[in-house]
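S.K.: Before I ask anything, here is the structure I am working with.
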Amino acid sequence: MGGGVADLLSSASPSPAKGRPLWQGRTLALLGIVLVAFSLRSAVASLSPVIDHVAGDFPVAPVVIGLIGAAPPVCFAVFGLLTPLVERRFGLERVAVVAIALMAAGLLLRGVTGDSISLLATTAMVFAGVGSGNVLLPPLVKKYFPDRLGVMMTVYSTTMAVSTFLPPLVAVPVADSLGWRVSLGMWGVFAALALVPWLTLVIRERREPVRPVVAELLVPDPTDGVDDLRDAVAASTGPITTTPANPRIFGRLWRLPLAWALALVFAASSSMAYASFAWMPTLLVDIGGVSPATAGFLLSLFAAVGLPCSMLVPVLVVRFQATRPLFFFAAGAGLVGLGGLLLFPTAALALWMMIFGLTAIMFPLSLVLLSIRARTSESAVALSGFVQSIGYGIAALFPLLMGVVHEATGGWQVPLLMLVAALVVACPFGWIAGRRTTIEDEWERRYGRW
């Protein structure tokens, strides 16, 4: 499916460099993008499966685990807004080098921590780099591969999906055989390797200055499904922000129900993901009676479901306008999966985790909507900043609240019910987000000329 989408996008994007091999004159950029994309998600998914091993060396309070789980969305929200401002001053490659260095240093240092505070501090360092990397990679792809956007977005998104389910699969076996420090620190090697191509490109650019290629965001045309699909796939790989949002447009979004609906659907999606990465291995060990290695495998199943979702959802939304069916299918699957964990925690854990993993549909769905719920690229940038800042901000609360509630109640029933409540509350907003309109249309109906 990914290849078909990529071919369609490539054929729909004529350029003077059509047919140029990916590696011709840009091998370093290709290698750098793949290594960074791998590190963005492995950084998130590699800690929680071995937290029991870490706790064997020094105490890690549930509140600290909750803060660690909250770190990714907080950093994504904060650095997602700051990075475009810094990038304008220093350039894509230079800021990318700093972000990757932060990520690599944090991942390596996390493997030598000796207490919970330093574990939290190094994790915050990791996600500062990840938050910037989320914003920088899409424009880097557009700069170096303007003739191969479809192929590179498929490579990029597939790499991120693989690096989401691989760490939970191997983290515990490595921790059992070599220790948790090796299990955590080894992911820093990939981030450190990613520095090599980008440092080389920065040095080369200083010696031979070139005018950077400006990659413009595509303006979706409601009458052209291919253009919408191209925007959708680009959006589904991460934030689409390449320039700071227009303050005037950003300010108007606070008054639009559609913008809030999109933000809260995105918040529900992110809350399911980050609460799961923070707590699911510990939860499964406690309620399911499985080993940490099995819990890590089950978390990898949960993450693996996201791979086909990221490939199918853009096509289903653009070609068939299936926003509402997809959202309610995802929410219903999430409720079934959580219900299974609540009522039958010792039976069919793999089935419940895979069904719950279908909530991953909401993530590419939310990001596709950022493209097709705005008329222009300028509006799409503002909408992206609004939705992701609010969504990640709300999602940051769930890992922390689950830790506090678990510590207070001594069980996992109430934290699981919190996730159930989040999905139920999101349902009316999913219905609003499914309206076939744009933020400009909604403003004009309510307030007059956009």
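Quick note on naming: the chains in the structure tokens go A, B, ... in the order shown, residues restart at 1 in each chain, and ligands are numbered from 1 in order of appearance.
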Using DSSP on the backbone coordinates, identify the residues of stretch 316-360 of chain A assigned to helix (DSSP H, G or I); present them as a ChimeraX atom specification.
M.R.: /A:316-320,323-343,349-360
S.K.: How would the residues just chosen look if you wrote them out with C-alpha atoms as a PDB file, in the first residue's frame?
M.R.:
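The new file out_1.pdb reads:
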```pdb
ATOM      1  CA  LEU A 316      -9.664   6.637   3.005  1.00  0.00           C
ATOM      2  CA  VAL A 317     -10.131  10.232   4.137  1.00  0.00           C
ATOM      3  CA  VAL A 318      -9.288  11.896   0.836  1.00  0.00           C
ATOM      4  CA  ARG A 319     -10.900   9.438  -1.578  1.00  0.00           C
ATOM      5  CA  PHE A 320     -13.945   8.424   0.454  1.00  0.00           C
ATOM      6  CA  THR A 323     -13.503  10.946   8.589  1.00  0.00           C
ATOM      7  CA  ARG A 324     -16.427  10.119  10.878  1.00  0.00           C
ATOM      8  CA  PRO A 325     -16.465   6.334  10.230  1.00  0.00           C
ATOM      9  CA  LEU A 326     -12.721   6.156  10.875  1.00  0.00           C
ATOM     10  CA  PHE A 327     -12.914   8.212  14.049  1.00  0.00           C
ATOM     11  CA  PHE A 328     -15.779   6.260  15.579  1.00  0.00           C
ATOM     12  CA  PHE A 329     -14.254   2.947  14.555  1.00  0.00           C
ATOM     13  CA  ALA A 330     -11.039   3.974  16.328  1.00  0.00           C
ATOM     14  CA  ALA A 331     -12.874   5.214  19.423  1.00  0.00           C
ATOM     15  CA  GLY A 332     -15.036   2.076  19.550  1.00  0.00           C
ATOM     16  CA  ALA A 333     -12.001  -0.175  19.184  1.00  0.00           C
ATOM     17  CA  GLY A 334     -10.296   1.719  21.989  1.00  0.00           C
ATOM     18  CA  LEU A 335     -13.297   1.239  24.270  1.00  0.00           C
ATOM     19  CA  VAL A 336     -13.442  -2.490  23.462  1.00  0.00           C
ATOM     20  CA  GLY A 337      -9.723  -2.912  24.109  1.00  0.00           C
ATOM     21  CA  LEU A 338      -9.842  -1.011  27.395  1.00  0.00           C
ATOM     22  CA  GLY A 339     -12.982  -2.930  28.389  1.00  0.00           C
ATOM     23  CA  GLY A 340     -11.146  -6.191  27.820  1.00  0.00           C
ATOM     24  CA  LEU A 341      -8.248  -5.042  30.001  1.00  0.00           C
ATOM     25  CA  LEU A 342     -10.693  -4.017  32.726  1.00  0.00           C
ATOM     26  CA  LEU A 343     -12.942  -7.085  32.679  1.00  0.00           C
ATOM     27  CA  LEU A 349      -4.120  -9.820  26.430  1.00  0.00           C
ATOM     28  CA  ALA A 350      -2.633  -9.766  22.941  1.00  0.00           C
ATOM     29  CA  LEU A 351      -6.106  -9.387  21.429  1.00  0.00           C
ATOM     30  CA  TRP A 352      -7.044  -6.518  23.754  1.00  0.00           C
ATOM     31  CA  MET A 353      -3.773  -4.704  23.039  1.00  0.00           C
ATOM     32  CA  MET A 354      -4.153  -5.027  19.283  1.00  0.00           C
ATOM     33  CA  ILE A 355      -7.765  -3.812  19.409  1.00  0.00           C
ATOM     34  CA  PHE A 356      -6.772  -0.915  21.673  1.00  0.00           C
ATOM     35  CA  GLY A 357      -3.929  -0.182  19.247  1.00  0.00           C
ATOM     36  CA  LEU A 358      -6.507   0.712  16.593  1.00  0.00           C
ATOM     37  CA  THR A 359      -6.851   4.065  18.354  1.00  0.00           C
ATOM     38  CA  ALA A 360      -3.700   4.830  16.327  1.00  0.00           C
TER      39      ALA A 360
END
```
S.K.: Env of A:Ala263: 7 Å cut, atoms = only C-alpha atoms, seq-sep filter 3 positions within chain, self excluded. Answer as a ChimeraX atom specification.
M.R.: /A:259-260,266-267,387-388,390-391
S.K.: Restricting the output to C-alpha atoms, write the selected residues as a compact mmCIF listing (two decimals), in the first residue's frame.
M.R.:
```
# COMPACT_ATOMS: atom_id res chain seq x y z
CA ALA A 259 -10.38 24.21 15.42
CA TRP A 260 -11.15 23.14 18.99
CA PHE A 266 -5.65 15.13 18.43
CA ALA A 267 -5.43 15.31 22.25
CA VAL A 387 -4.05 21.90 17.20
CA GLN A 388 -0.71 20.33 18.11
CA ILE A 390 -3.22 22.26 22.63
CA GLY A 391 -3.35 18.54 21.83
```
S.K.: So, counting only C-alpha atoms, which residue among A:Ala171, A:Val135, A:Ala29, A:Val130 is closest to A:Leu47?
M.R.: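 Nearest candidate to A:Leu47 out of A:Ala171, A:Val135, A:Ala29, A:Val130: A:Ala171.
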S.K.: Contacts of A:Trp412 at 8 Å or less, counting only C-alpha atoms, minus same-chain residues fewer than 5 places along, as a list in words?
M.R.: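 Near A:Trp412, the qualifying residues are Leu283, Ile287 and His406 of chain A.
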S.K.: For A:Phe76, please output as a ChimeraX atom specification all residues within 12 Å (counting only C-alpha atoms; exclusion window: fewer than 2 positions along the same chain).
M.R.: /A:40,44,70-74,78-83,124,126-136,238-239,270,274,385,387-396
S.K.: To one decimal in Å, tell me the separation between atom CA of A:Met418 and atom CA of A:Phe277.
M.R.: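 Distance between the two atoms: 15.6 Å.
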S.K.: Which residues of stretch 44-133 of chain A have any atom within 8 Å of an atom in stretch 178-184 of chain A when counting only C-alpha atoms, and what is the closest pair of atoms for each, with the distance in Å to one decimal? Order the rows by chain and rising number and write it as CSV.
M.R.:
```
residue,atom,partner,partner_atom,distance
A:Ser46,CA,A:Leu184,CA,6.6
A:Leu47,CA,A:Leu184,CA,6.6
A:Val50,CA,A:Trp180,CA,6.5
A:His53,CA,A:Trp180,CA,6.1
A:Val54,CA,A:Trp180,CA,6.5
A:Leu107,CA,A:Leu184,CA,7.0
A:Leu108,CA,A:Leu184,CA,7.5
A:Arg110,CA,A:Leu184,CA,6.7
A:Gly111,CA,A:Arg181,CA,4.2
A:Val112,CA,A:Arg181,CA,6.3
```
S.K.: What's the separation between atom CA of A:Gly296 and atom CA of A:Ala347, in Å to one decimal place?
M.R.: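 Straight-line distance from atom CA of A:Gly296 to atom CA of A:Ala347 works out to 17.0 Å.
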S.K.: Find the residue from A:Ser300, A:Glu93, A:Glu87, A:Asp115 that sits nearest to A:Arg206; use only C-alpha atoms when measuring.
M.R.: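 Looking at the shortest contact to A:Arg206, the residue is A:Glu93.
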S.K.: To one decimal in Å, tell me the separation between atom CA of A:Leu397 and atom CA of A:Gly251.
M.R.: 24.2 Å
